[in-house]
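A.B. asks: Data file entry-v1.cif (mmCIF, C-alpha atoms) is appended below.
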data_structure
loop_
_atom_site.label_atom_id
_atom_site.label_comp_id
_atom_site.auth_asym_id
_atom_site.auth_seq_id
_atom_site.Cartn_x
_atom_site.Cartn_y
_atom_site.Cartn_z
CA MET A 1 94.47 121.21 79.24
CA SER A 2 97.35 121.44 81.64
CA ALA A 3 98.49 117.84 81.36
CA ASP A 4 97.79 117.55 77.66
CA HIS A 5 101.48 117.43 76.96
CA VAL A 6 102.46 113.87 76.09
CA ALA A 7 105.95 113.18 77.39
CA PRO A 8 108.06 110.72 75.41
CA LYS A 9 108.43 107.26 76.91
CA SER A 10 112.20 107.76 76.99
CA LEU A 11 111.74 110.60 79.50
CA TYR A 12 109.73 108.37 81.82
CA TYR A 13 112.40 105.67 81.61
CA ALA A 14 115.13 108.25 82.31
CA VAL A 15 113.26 109.52 85.39
CA PHE A 16 112.76 105.93 86.51
CA ALA A 17 116.49 105.20 86.13
CA ALA A 18 117.34 108.33 88.12
CA LEU A 19 114.97 107.24 90.91
CA ILE A 20 116.58 103.80 91.09
CA VAL A 21 120.08 105.32 91.12
CA GLY A 22 118.95 107.68 93.90
CA THR A 23 117.67 104.75 95.95
CA LEU A 24 120.93 102.81 95.59
CA LEU A 25 122.93 105.97 96.33
CA THR A 26 121.02 106.75 99.54
CA TYR A 27 121.41 103.10 100.61
CA ALA A 28 125.17 103.22 100.02
CA ALA A 29 125.60 106.64 101.67
CA ALA A 30 123.72 105.51 104.78
CA ARG A 31 126.31 102.79 105.42
CA VAL A 32 129.07 105.38 105.75
CA ASP A 33 129.24 107.22 109.06
CA MET A 34 129.32 110.93 108.22
CA GLY A 35 127.84 112.20 111.47
CA ALA A 36 125.17 114.86 110.99
CA LEU A 37 125.99 114.95 107.27
CA ASN A 38 124.20 111.58 106.89
CA ASN A 39 120.88 113.37 107.38
CA VAL A 40 121.76 116.11 104.91
CA VAL A 41 122.74 113.56 102.23
CA MET A 42 119.68 111.34 102.77
CA LEU A 43 117.23 114.27 102.71
CA THR A 44 118.88 115.86 99.66
CA ILE A 45 118.51 112.59 97.74
CA ALA A 46 114.91 112.10 98.95
CA LEU A 47 113.96 115.68 97.99
CA THR A 48 115.54 115.25 94.55
CA LYS A 49 113.63 112.00 94.02
CA ALA A 50 110.36 113.61 95.16
CA LEU A 51 110.98 116.56 92.83
CA LEU A 52 111.53 114.22 89.87
CA VAL A 53 108.26 112.40 90.59
CA ILE A 54 106.33 115.66 91.02
CA LEU A 55 107.74 117.36 87.93
CA PHE A 56 107.58 114.49 85.45
CA PHE A 57 105.38 111.60 86.66
CA MET A 58 102.83 114.05 88.07
CA HIS A 59 103.13 116.36 85.04
CA VAL A 60 103.66 119.55 87.05
CA ARG A 61 106.51 120.43 84.66
CA TRP A 62 103.85 121.08 81.99
CA GLY A 63 101.21 122.35 84.41
CA THR A 64 99.69 125.81 84.64
CA ARG A 65 101.12 128.49 86.89
CA LEU A 66 98.18 128.00 89.20
CA THR A 67 99.16 124.33 89.64
CA TRP A 68 102.74 125.36 90.41
CA LEU A 69 101.48 127.84 93.00
CA VAL A 70 99.19 125.30 94.68
CA VAL A 71 101.89 122.59 94.81
CA ALA A 72 104.54 124.99 96.13
CA SER A 73 102.16 126.39 98.76
CA GLY A 74 101.55 122.86 100.10
CA PHE A 75 105.23 122.35 100.81
CA PHE A 76 105.54 125.90 102.11
CA TRP A 77 102.88 125.19 104.76
CA LEU A 78 104.73 122.00 105.70
CA LEU A 79 107.87 124.09 106.15
CA ILE A 80 105.95 126.48 108.43
CA LEU A 81 104.76 123.51 110.51
CA PHE A 82 108.31 122.20 110.93
CA SER A 83 110.10 125.51 111.46
CA ILE A 84 107.73 127.15 113.95
CA THR A 85 107.36 123.96 116.00
CA MET A 86 111.12 123.46 116.11
CA THR A 87 111.90 127.10 116.95
CA ASP A 88 109.67 126.61 119.99
CA PHE A 89 110.93 123.15 120.94
CA LEU A 90 114.65 123.83 120.49
CA THR A 91 114.68 127.15 122.32
CA ARG A 92 112.65 126.18 125.42
CA GLY A 93 115.77 125.64 127.52
CA TRP A 94 117.18 129.05 126.64
CA ILE A 95 114.65 131.01 128.63
CA ALA A 96 114.07 128.54 131.44
CA GLY A 97 116.27 130.46 133.84
CA SER A 98 115.56 134.00 132.69
CA LEU A 99 111.83 134.24 133.23
CA ARG A 100 111.79 134.51 137.00
CA MET B 101 51.86 112.65 82.04
CA PRO B 102 52.16 112.34 85.82
CA ASP B 103 55.81 111.31 85.68
CA GLY B 104 57.02 114.04 83.36
CA ASN B 105 59.04 116.73 85.10
CA ALA B 106 58.26 119.08 82.25
CA GLU B 107 54.70 119.30 83.53
CA HIS B 108 55.88 121.21 86.62
CA PHE B 109 58.16 123.54 84.78
CA PRO B 110 56.70 126.86 83.73
CA GLY B 111 57.28 127.25 80.03
CA PRO B 112 56.43 125.77 76.71
CA ILE B 113 55.15 122.23 76.79
CA HIS B 114 58.04 120.99 74.66
CA GLN B 115 60.60 122.07 77.27
CA PRO B 116 62.87 119.06 77.86
CA PRO B 117 62.86 117.59 81.36
CA LEU B 118 65.45 119.15 83.69
CA VAL B 119 66.83 115.87 84.96
CA ALA B 120 67.57 114.42 81.56
CA ASN B 121 70.96 114.39 79.88
CA VAL B 122 72.27 117.86 80.52
CA ASP B 123 74.06 118.02 77.19
CA ALA B 124 70.74 117.78 75.40
CA ILE B 125 69.43 121.07 76.82
CA GLN B 126 72.67 123.03 76.78
CA PRO B 127 72.51 125.95 74.41
CA HIS B 128 75.39 125.20 72.10
CA GLU B 129 77.04 128.59 72.27
CA HIS B 130 80.52 127.19 71.76
CA ALA B 131 79.33 124.59 69.34
CA GLU B 132 81.98 124.80 66.68
CA HIS B 133 82.17 121.09 67.39
CA ALA B 134 79.79 118.77 69.23
CA HIS B 135 80.02 118.52 73.02
CA HIS B 136 81.97 115.59 74.39
CA PRO B 137 79.58 113.25 76.24
CA ARG B 138 81.79 113.47 79.35
CA LEU B 139 81.66 117.28 79.50
CA GLN B 140 79.72 118.46 82.55
CA HIS B 141 77.43 121.44 81.92
CA HIS B 142 79.23 123.81 84.31
CA PHE B 143 82.46 123.77 82.28
CA ASP B 144 83.12 125.62 79.05
CA ASP B 145 85.15 122.87 77.45
CA MET B 146 87.08 119.66 78.12
CA ALA B 147 90.35 121.50 78.77
CA GLN B 148 88.80 123.65 81.51
CA GLN B 149 87.12 120.60 83.03
CA ALA B 150 90.35 118.59 83.08
CA GLU B 151 92.29 121.49 84.59
CA ALA B 152 89.70 121.98 87.32
CA SER B 153 89.82 118.26 88.22
CA THR B 154 93.61 118.17 88.29
CA LEU B 155 93.79 121.30 90.42
CA GLY B 156 91.15 119.90 92.76
CA MET B 157 93.20 116.74 93.17
CA TRP B 158 96.28 118.80 94.00
CA VAL B 159 94.35 120.68 96.67
CA PHE B 160 93.33 117.30 98.13
CA LEU B 161 96.95 116.12 97.98
CA ILE B 162 97.97 119.20 99.97
CA THR B 163 95.61 118.16 102.76
CA GLU B 164 97.34 114.76 102.51
CA ILE B 165 100.75 116.43 102.81
CA MET B 166 99.58 118.05 106.04
CA PHE B 167 98.04 114.75 107.21
CA PHE B 168 101.36 112.91 106.87
CA GLY B 169 103.16 116.14 107.82
CA GLY B 170 101.86 115.87 111.39
CA LEU B 171 103.48 112.44 111.71
CA PHE B 172 106.73 113.67 110.18
CA MET B 173 106.62 116.54 112.68
CA ALA B 174 106.22 114.07 115.57
CA TYR B 175 109.13 112.04 114.16
CA LEU B 176 111.32 115.15 113.94
CA LEU B 177 110.48 116.15 117.51
CA TYR B 178 111.05 112.78 119.16
CA ARG B 179 114.12 112.05 117.10
CA SER B 180 115.74 115.34 118.11
CA ASN B 181 114.81 114.40 121.66
CA SER B 182 116.72 111.11 121.47
CA PRO B 183 118.84 110.80 118.32
CA GLU B 184 120.85 107.84 119.65
CA GLY B 185 117.71 105.97 120.71
CA PHE B 186 116.17 106.35 117.26
CA GLN B 187 119.39 105.22 115.61
CA GLU B 188 119.55 102.15 117.83
CA ALA B 189 115.88 101.31 117.14
CA SER B 190 116.19 101.87 113.38
CA HIS B 191 119.05 99.40 113.26
CA HIS B 192 116.57 96.57 113.90
CA LEU B 193 114.53 97.29 110.77
CA ASN B 194 115.34 95.15 107.75
CA VAL B 195 117.07 97.56 105.34
CA THR B 196 116.95 95.05 102.47
CA TRP B 197 113.16 94.68 102.65
CA GLY B 198 112.86 98.47 102.86
CA ALA B 199 115.07 98.97 99.80
CA VAL B 200 113.24 96.25 97.85
CA ASN B 201 109.91 97.92 98.65
CA THR B 202 111.26 101.32 97.60
CA ILE B 203 112.23 99.92 94.21
CA VAL B 204 108.90 98.05 93.89
CA LEU B 205 107.02 101.31 94.49
CA ILE B 206 109.18 103.24 92.01
CA VAL B 207 108.44 100.57 89.37
CA SER B 208 104.73 100.89 90.13
CA SER B 209 105.00 104.66 89.68
CA LEU B 210 106.60 104.10 86.27
CA THR B 211 103.83 101.71 85.17
CA MET B 212 101.25 104.22 86.45
CA ALA B 213 102.85 107.04 84.43
CA LEU B 214 102.78 104.74 81.38
CA ALA B 215 99.10 103.93 82.02
CA VAL B 216 98.29 107.65 81.88
CA ARG B 217 100.40 107.97 78.75
CA ALA B 218 98.58 105.04 77.11
CA ALA B 219 95.27 106.86 77.64
CA GLN B 220 96.77 110.17 76.44
CA THR B 221 97.96 108.55 73.21
CA ASP B 222 94.64 106.84 72.36
CA GLN B 223 95.92 103.33 72.94
CA PRO B 224 93.21 100.66 73.30
CA GLY B 225 91.51 100.14 76.66
CA ARG B 226 93.18 96.79 77.24
CA THR B 227 96.66 98.34 76.82
CA GLN B 228 95.74 100.97 79.44
CA ALA B 229 94.31 98.19 81.61
CA ALA B 230 97.53 96.17 81.28
CA TRP B 231 99.59 99.06 82.69
CA ILE B 232 97.04 99.57 85.47
CA ALA B 233 97.13 95.84 86.28
CA LEU B 234 100.94 95.96 86.47
CA THR B 235 100.70 98.93 88.83
CA MET B 236 98.32 96.93 91.02
CA LEU B 237 100.65 93.93 90.93
CA PHE B 238 103.58 95.96 92.27
CA GLY B 239 101.33 97.69 94.78
CA THR B 240 100.22 94.30 96.08
CA ALA B 241 103.83 93.09 96.20
CA PHE B 242 104.65 96.12 98.35
CA LEU B 243 101.87 95.24 100.79
CA GLY B 244 103.04 91.62 100.84
CA VAL B 245 106.54 92.66 101.91
CA LYS B 246 105.00 94.97 104.50
CA ALA B 247 103.02 92.02 105.89
CA ILE B 248 106.23 89.96 106.20
CA GLU B 249 107.92 92.85 108.04
CA TYR B 250 104.98 93.43 110.39
CA THR B 251 104.85 89.71 111.25
CA ASP B 252 108.55 89.83 112.06
CA LYS B 253 108.00 92.82 114.37
CA PHE B 254 105.21 91.00 116.20
CA THR B 255 107.27 87.85 116.72
CA HIS B 256 110.25 89.87 117.98
CA HIS B 257 108.18 91.89 120.49
CA LEU B 258 108.83 95.16 118.69
CA VAL B 259 105.19 96.25 118.68
CA PRO B 260 104.68 99.04 121.25
CA GLY B 261 102.50 98.03 124.16
CA PRO B 262 102.70 95.67 127.15
CA HIS B 263 104.68 93.06 125.17
CA PHE B 264 107.30 95.46 123.85
CA ARG B 265 110.78 94.21 124.74
CA TRP B 266 114.01 96.09 124.10
CA GLU B 267 117.49 94.87 125.04
CA GLY B 268 119.35 98.06 124.05
CA HIS B 269 120.26 101.22 125.98
CA HIS B 270 117.22 103.31 125.01
CA PRO B 271 114.03 101.28 125.52
CA ALA B 272 111.72 104.32 125.84
CA ALA B 273 113.03 105.98 122.68
CA ALA B 274 112.92 102.64 120.85
CA GLU B 275 109.28 102.18 121.78
CA MET B 276 108.52 105.69 120.55
CA PHE B 277 110.37 104.92 117.32
CA TYR B 278 108.30 101.79 116.75
CA SER B 279 105.08 103.66 117.59
CA LEU B 280 105.96 106.15 114.86
CA TYR B 281 107.06 103.32 112.56
CA PHE B 282 103.68 101.61 112.81
CA CYS B 283 101.70 104.88 112.57
CA MET B 284 103.59 106.15 109.54
CA THR B 285 103.94 102.90 107.59
CA GLY B 286 100.42 101.89 108.66
CA LEU B 287 98.87 105.10 107.36
CA HIS B 288 100.96 104.71 104.23
CA ALA B 289 99.81 101.09 103.78
CA LEU B 290 96.19 102.21 104.25
CA HIS B 291 96.73 104.68 101.41
CA MET B 292 98.12 101.85 99.29
CA ILE B 293 95.02 99.72 100.00
CA ILE B 294 92.72 102.63 99.08
CA GLY B 295 94.88 103.15 95.99
CA LEU B 296 94.39 99.51 95.00
CA GLY B 297 90.62 100.03 95.33
CA ILE B 298 90.79 103.07 93.03
CA MET B 299 92.95 101.06 90.61
CA THR B 300 90.40 98.23 90.53
CA TRP B 301 87.70 100.68 89.47
CA LEU B 302 90.07 102.26 86.96
CA LEU B 303 90.91 98.83 85.53
CA VAL B 304 87.24 97.99 85.00
CA THR B 305 86.42 101.32 83.35
CA ALA B 306 89.55 101.21 81.18
CA LEU B 307 88.51 97.77 79.91
CA LYS B 308 85.21 99.40 78.84
CA ASP B 309 87.29 101.73 76.61
CA ARG B 310 86.17 104.78 78.52
CA TYR B 311 89.45 106.72 78.27
CA ASP B 312 91.12 108.33 75.28
CA SER B 313 93.08 111.48 74.47
CA ASP B 314 89.92 113.61 74.78
CA TYR B 315 89.00 112.31 78.21
CA TYR B 316 91.39 110.59 80.61
CA THR B 317 91.00 112.73 83.75
CA PRO B 318 90.23 109.75 86.07
CA VAL B 319 93.46 108.02 84.97
CA GLU B 320 95.43 111.24 85.43
CA VAL B 321 93.94 112.00 88.85
CA ALA B 322 94.31 108.41 90.13
CA GLY B 323 97.91 108.61 88.92
CA LEU B 324 98.49 111.78 90.96
CA TYR B 325 97.26 109.95 94.06
CA TRP B 326 99.44 106.90 93.37
CA HIS B 327 102.57 109.02 92.82
CA PHE B 328 101.87 110.96 96.00
CA VAL B 329 101.82 107.72 98.01
CA ASP B 330 105.13 106.82 96.35
CA ILE B 331 106.61 110.18 97.42
CA VAL B 332 105.61 109.57 101.06
CA TRP B 333 107.53 106.27 100.95
CA ILE B 334 110.54 108.01 99.35
CA PHE B 335 110.83 109.93 102.65
CA LEU B 336 109.79 107.10 104.97
CA PHE B 337 112.47 104.72 103.70
CA PRO B 338 115.56 106.76 104.65
CA LEU B 339 114.02 108.29 107.79
CA LEU B 340 112.93 104.95 109.26
CA TYR B 341 115.25 102.31 107.78
CA LEU B 342 118.52 104.07 107.06
CA ILE B 343 119.31 106.20 110.12
CA GLY B 344 120.80 103.16 111.90
CA ALA B 345 122.49 101.60 108.88
CA HIS B 346 126.01 102.74 109.73
CA ALA B 347 125.77 101.75 113.41
CA ALA B 348 127.55 98.53 114.41
#
What do you get writing this file as C-alpha cells?
C.D. replies:
Amino acid sequence: MSADHVAPKSLYYAVFAALIVGTLLTYAAARVDMGALNNVVMLTIALTKALLVILFFMHVRWGTRLTWLVVASGFFWLLILFSITMTDFLTRGWIAGSLR
Amino acid sequence: MPDGNAEHFPGPIHQPPLVANVDAIQPHEHAEHAHHPRLQHHFDDMAQQAEASTLGMWVFLITEIMFFGGLFMAYLLYRSNSPEGFQEASHHLNVTWGAVNTIVLIVSSLTMALAVRAAQTDQPGRTQAAWIALTMLFGTAFLGVKAIEYTDKFTHHLVPGPHFRWEGHHPAAAEMFYSLYFCMTGLHALHMIIGLGIMTWLLVTALKDRYDSDYYTPVEVAGLYWHFVDIVWIFLFPLLYLIGAHAA
C-alpha cells in the first residue's frame, strides 16, 4: 500500500517545526518593505510550506508514481488557469489601438 | 422460503444468497491468508484497495484545488487591477489573529498526522481517538478566532454591501478585497466545519477500535482532506493578511 510507510515521529515534529519557522519568517518578512519582492518572498515561503505538508503529512513522499502524477497534474492545471487568464488580462491594452 | 434470494437464482439450491456478506461467496483464489473483513470484493487485496481509495481522494482534492483556484484567480486579477487598494484594505485585517490561526491550523495538521500514525502502528483506538479529538479542538479554536474576526468586520462596517464604509483612498478596491476576503475565508471555514463533521465520525469509529495497521484508510483519507484545508490557509494568510503589513 502506498502509504504503508510509517514515518518516525521525529520527522513529523521536524516538519512541524519547519512550518512554524516558515510562518514566523513570512510574518517578519512582510513587515519589511521590499517592493515587488515582498510577493516573491511570501509566495516562496507559502509554496515551501505547502510542499512540506504534501510530501510528509500527506505521505506523497512515499506514494506511488501514479499519486505523484495526479498531484502534480492538479497544480499544473492551476498554473494553466492563472497563466492563460493573465496573458489575456495583462495584454488587452497592447492591441487596443492596433485592431482598427 | 419466500424471503430467500437464492430461490430466484438459477443454480444449485445451496447457492448462498447474493446480498449476503460478499466475502462468504468469494472464491478464495488468493487465499494464502484469510480475507480481511474490510476488503471489498472488487479489490484483489488490502493494498490495492487502500491505494485506490487514496488515489480517489487525491482526484477529489484536485477538484478542490480548482474550486479554490477560481477564487485565487479572481484575487490575482483584482489585485493586479488595484495593488494599492488591496494593500490599503489588507492593512485593516488583524495580522496577529491571522498568524495565531495559522499556527493553530499547523498544530492541528501535526495532531492529524499523528492520528494516522497511531492507526498505522496498531495503537489502541482510544489513543487514535485522542489525537483526533486534539485535531478537532484546534479546528474549533480556529473557527472561534474566525468568529471573533468576522464580528469585528461587521461592527466596523467592513462587510461589502450597503453598509460598507471605507475612509481610505480606494473604497471600490477595498470593497472588492473584503468581498474576496469573505468568499475565500468563508469557503475555507465551511471546509473546516465539514472537516469537523468527518472528524466526529472518525472519532466515534476509532473508539470502536475499527482501525489498525491492516485497515486505516478512513483515517488516512480524512487526514488528506484536513491537510488540504490547512494548505489553503497557508496561502490565504499571506495573501490576505500580510500584503499590507509594511504599509504605515
A.B. asks: Per residue of chain B within 9 Å of chain A, which atom pair is closest and at what distance in Å (one decimal), using all atoms listed in the file, listed by chain and increasing number, as a tab-separated table?
C.D. replies:
residue	atom	partner	partner_atom	distance
B:Met146	CA	A:Met1	CA	7.6
B:Ala147	CA	A:Met1	CA	4.2
B:Gln148	CA	A:Met1	CA	6.6
B:Gln149	CA	A:Met1	CA	8.3
B:Ala150	CA	A:Met1	CA	6.2
B:Glu151	CA	A:Met1	CA	5.8
B:Thr154	CA	A:Ser2	CA	8.3
B:Leu155	CA	A:Thr67	CA	6.2
B:Trp158	CA	A:Val71	CA	6.8
B:Val159	CA	A:Val70	CA	7.0
B:Leu161	CA	A:Gly74	CA	8.4
B:Ile162	CA	A:Gly74	CA	5.1
B:Thr163	CA	A:Gly74	CA	8.0
B:Ile165	CA	A:Gly74	CA	7.0
B:Met166	CA	A:Leu78	CA	6.5
B:Gly169	CA	A:Leu78	CA	6.4
B:Gly170	CA	A:Leu81	CA	8.2
B:Phe172	CA	A:Phe82	CA	8.7
B:Met173	CA	A:Phe82	CA	6.2
B:Leu176	CA	A:Phe82	CA	8.2
B:Leu177	CA	A:Met86	CA	7.5
B:Ser180	CA	A:Leu90	CA	8.9
B:Val195	CA	A:Tyr27	CA	8.5
B:Ala199	CA	A:Thr23	CA	7.4
B:Thr202	CA	A:Thr23	CA	7.5
B:Ile203	CA	A:Ile20	CA	6.6
B:Ile206	CA	A:Phe16	CA	7.1
B:Val207	CA	A:Phe16	CA	7.5
B:Ser209	CA	A:Phe57	CA	7.6
B:Leu210	CA	A:Phe16	CA	6.4
B:Met212	CA	A:Phe57	CA	8.5
B:Ala213	CA	A:Phe57	CA	5.7
B:Leu214	CA	A:Lys9	CA	7.6
B:Arg217	CA	A:Val6	CA	6.8
B:Gln220	CA	A:Val6	CA	6.8
B:Thr221	CA	A:Val6	CA	7.5
B:Ser313	CA	A:Asp4	CA	8.3
B:Glu320	CA	A:Ala3	CA	8.3
B:Gly323	CA	A:Met58	CA	7.4
B:Leu324	CA	A:Met58	CA	5.7
B:His327	CA	A:Met58	CA	6.9
B:Phe328	CA	A:Ile54	CA	8.2
B:Asp330	CA	A:Val53	CA	8.6
B:Ile331	CA	A:Ala50	CA	5.6
B:Val332	CA	A:Ala50	CA	8.6
B:Ile334	CA	A:Ala46	CA	6.0
B:Phe335	CA	A:Ala46	CA	5.9
B:Pro338	CA	A:Met42	CA	6.4
B:Leu339	CA	A:Met42	CA	8.2
B:Leu342	CA	A:Ala30	CA	5.9
B:Ile343	CA	A:Ala30	CA	7.0
B:Gly344	CA	A:Ala30	CA	8.0
B:Ala345	CA	A:Arg31	CA	5.3
B:His346	CA	A:Arg31	CA	4.3
B:Ala347	CA	A:Asp33	CA	7.8
A.B. asks: Can you write just those residues out, C-alpha atoms, as an mmCIF file, keeping the file's coordinate frame?
C.D. replies:
data_model
loop_
_atom_site.group_PDB
_atom_site.id
_atom_site.type_symbol
_atom_site.label_atom_id
_atom_site.label_comp_id
_atom_site.auth_asym_id
_atom_site.auth_seq_id
_atom_site.Cartn_x
_atom_site.Cartn_y
_atom_site.Cartn_z
ATOM 1 C CA MET B 146 87.080 119.660 78.120
ATOM 2 C CA ALA B 147 90.350 121.500 78.770
ATOM 3 C CA GLN B 148 88.800 123.650 81.510
ATOM 4 C CA GLN B 149 87.120 120.600 83.030
ATOM 5 C CA ALA B 150 90.350 118.590 83.080
ATOM 6 C CA GLU B 151 92.290 121.490 84.590
ATOM 7 C CA THR B 154 93.610 118.170 88.290
ATOM 8 C CA LEU B 155 93.790 121.300 90.420
ATOM 9 C CA TRP B 158 96.280 118.800 94.000
ATOM 10 C CA VAL B 159 94.350 120.680 96.670
ATOM 11 C CA LEU B 161 96.950 116.120 97.980
ATOM 12 C CA ILE B 162 97.970 119.200 99.970
ATOM 13 C CA THR B 163 95.610 118.160 102.760
ATOM 14 C CA ILE B 165 100.750 116.430 102.810
ATOM 15 C CA MET B 166 99.580 118.050 106.040
ATOM 16 C CA GLY B 169 103.160 116.140 107.820
ATOM 17 C CA GLY B 170 101.860 115.870 111.390
ATOM 18 C CA PHE B 172 106.730 113.670 110.180
ATOM 19 C CA MET B 173 106.620 116.540 112.680
ATOM 20 C CA LEU B 176 111.320 115.150 113.940
ATOM 21 C CA LEU B 177 110.480 116.150 117.510
ATOM 22 C CA SER B 180 115.740 115.340 118.110
ATOM 23 C CA VAL B 195 117.070 97.560 105.340
ATOM 24 C CA ALA B 199 115.070 98.970 99.800
ATOM 25 C CA THR B 202 111.260 101.320 97.600
ATOM 26 C CA ILE B 203 112.230 99.920 94.210
ATOM 27 C CA ILE B 206 109.180 103.240 92.010
ATOM 28 C CA VAL B 207 108.440 100.570 89.370
ATOM 29 C CA SER B 209 105.000 104.660 89.680
ATOM 30 C CA LEU B 210 106.600 104.100 86.270
ATOM 31 C CA MET B 212 101.250 104.220 86.450
ATOM 32 C CA ALA B 213 102.850 107.040 84.430
ATOM 33 C CA LEU B 214 102.780 104.740 81.380
ATOM 34 C CA ARG B 217 100.400 107.970 78.750
ATOM 35 C CA GLN B 220 96.770 110.170 76.440
ATOM 36 C CA THR B 221 97.960 108.550 73.210
ATOM 37 C CA SER B 313 93.080 111.480 74.470
ATOM 38 C CA GLU B 320 95.430 111.240 85.430
ATOM 39 C CA GLY B 323 97.910 108.610 88.920
ATOM 40 C CA LEU B 324 98.490 111.780 90.960
ATOM 41 C CA HIS B 327 102.570 109.020 92.820
ATOM 42 C CA PHE B 328 101.870 110.960 96.000
ATOM 43 C CA ASP B 330 105.130 106.820 96.350
ATOM 44 C CA ILE B 331 106.610 110.180 97.420
ATOM 45 C CA VAL B 332 105.610 109.570 101.060
ATOM 46 C CA ILE B 334 110.540 108.010 99.350
ATOM 47 C CA PHE B 335 110.830 109.930 102.650
ATOM 48 C CA PRO B 338 115.560 106.760 104.650
ATOM 49 C CA LEU B 339 114.020 108.290 107.790
ATOM 50 C CA LEU B 342 118.520 104.070 107.060
ATOM 51 C CA ILE B 343 119.310 106.200 110.120
ATOM 52 C CA GLY B 344 120.800 103.160 111.900
ATOM 53 C CA ALA B 345 122.490 101.600 108.880
ATOM 54 C CA HIS B 346 126.010 102.740 109.730
ATOM 55 C CA ALA B 347 125.770 101.750 113.410
#
A.B. asks: Rank nothing, just name the residue among B:Leu139, B:Met299, B:Val204, B:Ala189 nearest to B:Glu275, using only C-alpha atoms.
C.D. replies: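 With only C-alpha atoms as the atom set, the closest residue is B:Ala189.
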A.B. asks: What separation in Å, quoted to one decimal, exists between atom CA of B:Glu188 and atom CA of B:Tyr281?
C.D. replies: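 Rounded to one decimal, the two atoms are 13.6 Å apart.
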A.B. asks: Report, in Å with one decimal, the straight-line distance from atom CA of B:Ser208 to atom CA of B:Leu290.
C.D. replies: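 Answer for the atom CA of B:Ser208 to atom CA of B:Leu290 separation: 16.6 Å.
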A.B. asks: Can you measure atom CA of B:Arg179 to atom CA of B:Phe277 for me? One decimal in Å is fine.
C.D. replies: 8.1 Å
A.B. asks: Of the candidates B:Asn194, B:Thr255, B:Thr317, B:Thr227, which shows the shortest atom-to-atom distance to B:Tyr341, using all atoms listed in the file?
C.D. replies: B:Asn194
A.B. asks: What would the selection look like, as a compact mmCIF listing (two decimals) with C-alpha atoms, in the coordinates of the input, if the PyMOL selection byres ((chain B and resi 288) around 12) were run on the coordinates I just shared?
C.D. replies:
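Just written: expr-v3.txt:
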# COMPACT_ATOMS: atom_id res chain seq x y z
CA GLU B 164 97.34 114.76 102.51
CA ILE B 165 100.75 116.43 102.81
CA PHE B 167 98.04 114.75 107.21
CA PHE B 168 101.36 112.91 106.87
CA LEU B 171 103.48 112.44 111.71
CA LEU B 205 107.02 101.31 94.49
CA GLY B 239 101.33 97.69 94.78
CA PHE B 242 104.65 96.12 98.35
CA LEU B 243 101.87 95.24 100.79
CA LYS B 246 105.00 94.97 104.50
CA LEU B 280 105.96 106.15 114.86
CA TYR B 281 107.06 103.32 112.56
CA PHE B 282 103.68 101.61 112.81
CA CYS B 283 101.70 104.88 112.57
CA MET B 284 103.59 106.15 109.54
CA THR B 285 103.94 102.90 107.59
CA GLY B 286 100.42 101.89 108.66
CA LEU B 287 98.87 105.10 107.36
CA ALA B 289 99.81 101.09 103.78
CA LEU B 290 96.19 102.21 104.25
CA HIS B 291 96.73 104.68 101.41
CA MET B 292 98.12 101.85 99.29
CA ILE B 293 95.02 99.72 100.00
CA ILE B 294 92.72 102.63 99.08
CA GLY B 295 94.88 103.15 95.99
CA TRP B 326 99.44 106.90 93.37
CA PHE B 328 101.87 110.96 96.00
CA VAL B 329 101.82 107.72 98.01
CA ASP B 330 105.13 106.82 96.35
CA ILE B 331 106.61 110.18 97.42
CA VAL B 332 105.61 109.57 101.06
CA TRP B 333 107.53 106.27 100.95
CA ILE B 334 110.54 108.01 99.35
CA PHE B 335 110.83 109.93 102.65
CA LEU B 336 109.79 107.10 104.97
CA PHE B 337 112.47 104.72 103.70
A.B. asks: Looking at A:Leu55, A:Ala36, A:Asp88, A:Trp94, which one is nearest to A:Leu11, with distances taken over all atoms listed in the file?
C.D. replies: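 Once distances to A:Leu11 are computed over all atoms listed in the file, the minimum belongs to A:Leu55.
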A.B. asks: Under the PyMOL selection byres ((chain B and resi 271) around 12), which residues of this model are included? Write them out as a ChimeraX atom specification.
C.D. replies: /B:182,184-189,258,260,264-270,272-278
A.B. asks: For the file shown, report as a compact mmCIF listing (two decimals) with C-alpha atoms, in the coordinates of the input the outcome of the PyMOL selection byres ((chain B and resi 302) around 12) at residue level.
C.D. replies:
# COMPACT_ATOMS: atom_id res chain seq x y z
CA MET B 212 101.25 104.22 86.45
CA ALA B 215 99.10 103.93 82.02
CA VAL B 216 98.29 107.65 81.88
CA ALA B 219 95.27 106.86 77.64
CA GLY B 225 91.51 100.14 76.66
CA ARG B 226 93.18 96.79 77.24
CA GLN B 228 95.74 100.97 79.44
CA ALA B 229 94.31 98.19 81.61
CA ALA B 230 97.53 96.17 81.28
CA TRP B 231 99.59 99.06 82.69
CA ILE B 232 97.04 99.57 85.47
CA ALA B 233 97.13 95.84 86.28
CA THR B 235 100.70 98.93 88.83
CA MET B 236 98.32 96.93 91.02
CA GLY B 295 94.88 103.15 95.99
CA LEU B 296 94.39 99.51 95.00
CA GLY B 297 90.62 100.03 95.33
CA ILE B 298 90.79 103.07 93.03
CA MET B 299 92.95 101.06 90.61
CA THR B 300 90.40 98.23 90.53
CA TRP B 301 87.70 100.68 89.47
CA LEU B 303 90.91 98.83 85.53
CA VAL B 304 87.24 97.99 85.00
CA THR B 305 86.42 101.32 83.35
CA ALA B 306 89.55 101.21 81.18
CA LEU B 307 88.51 97.77 79.91
CA LYS B 308 85.21 99.40 78.84
CA ASP B 309 87.29 101.73 76.61
CA ARG B 310 86.17 104.78 78.52
CA TYR B 311 89.45 106.72 78.27
CA TYR B 316 91.39 110.59 80.61
CA THR B 317 91.00 112.73 83.75
CA PRO B 318 90.23 109.75 86.07
CA VAL B 319 93.46 108.02 84.97
CA GLU B 320 95.43 111.24 85.43
CA VAL B 321 93.94 112.00 88.85
CA ALA B 322 94.31 108.41 90.13
CA GLY B 323 97.91 108.61 88.92
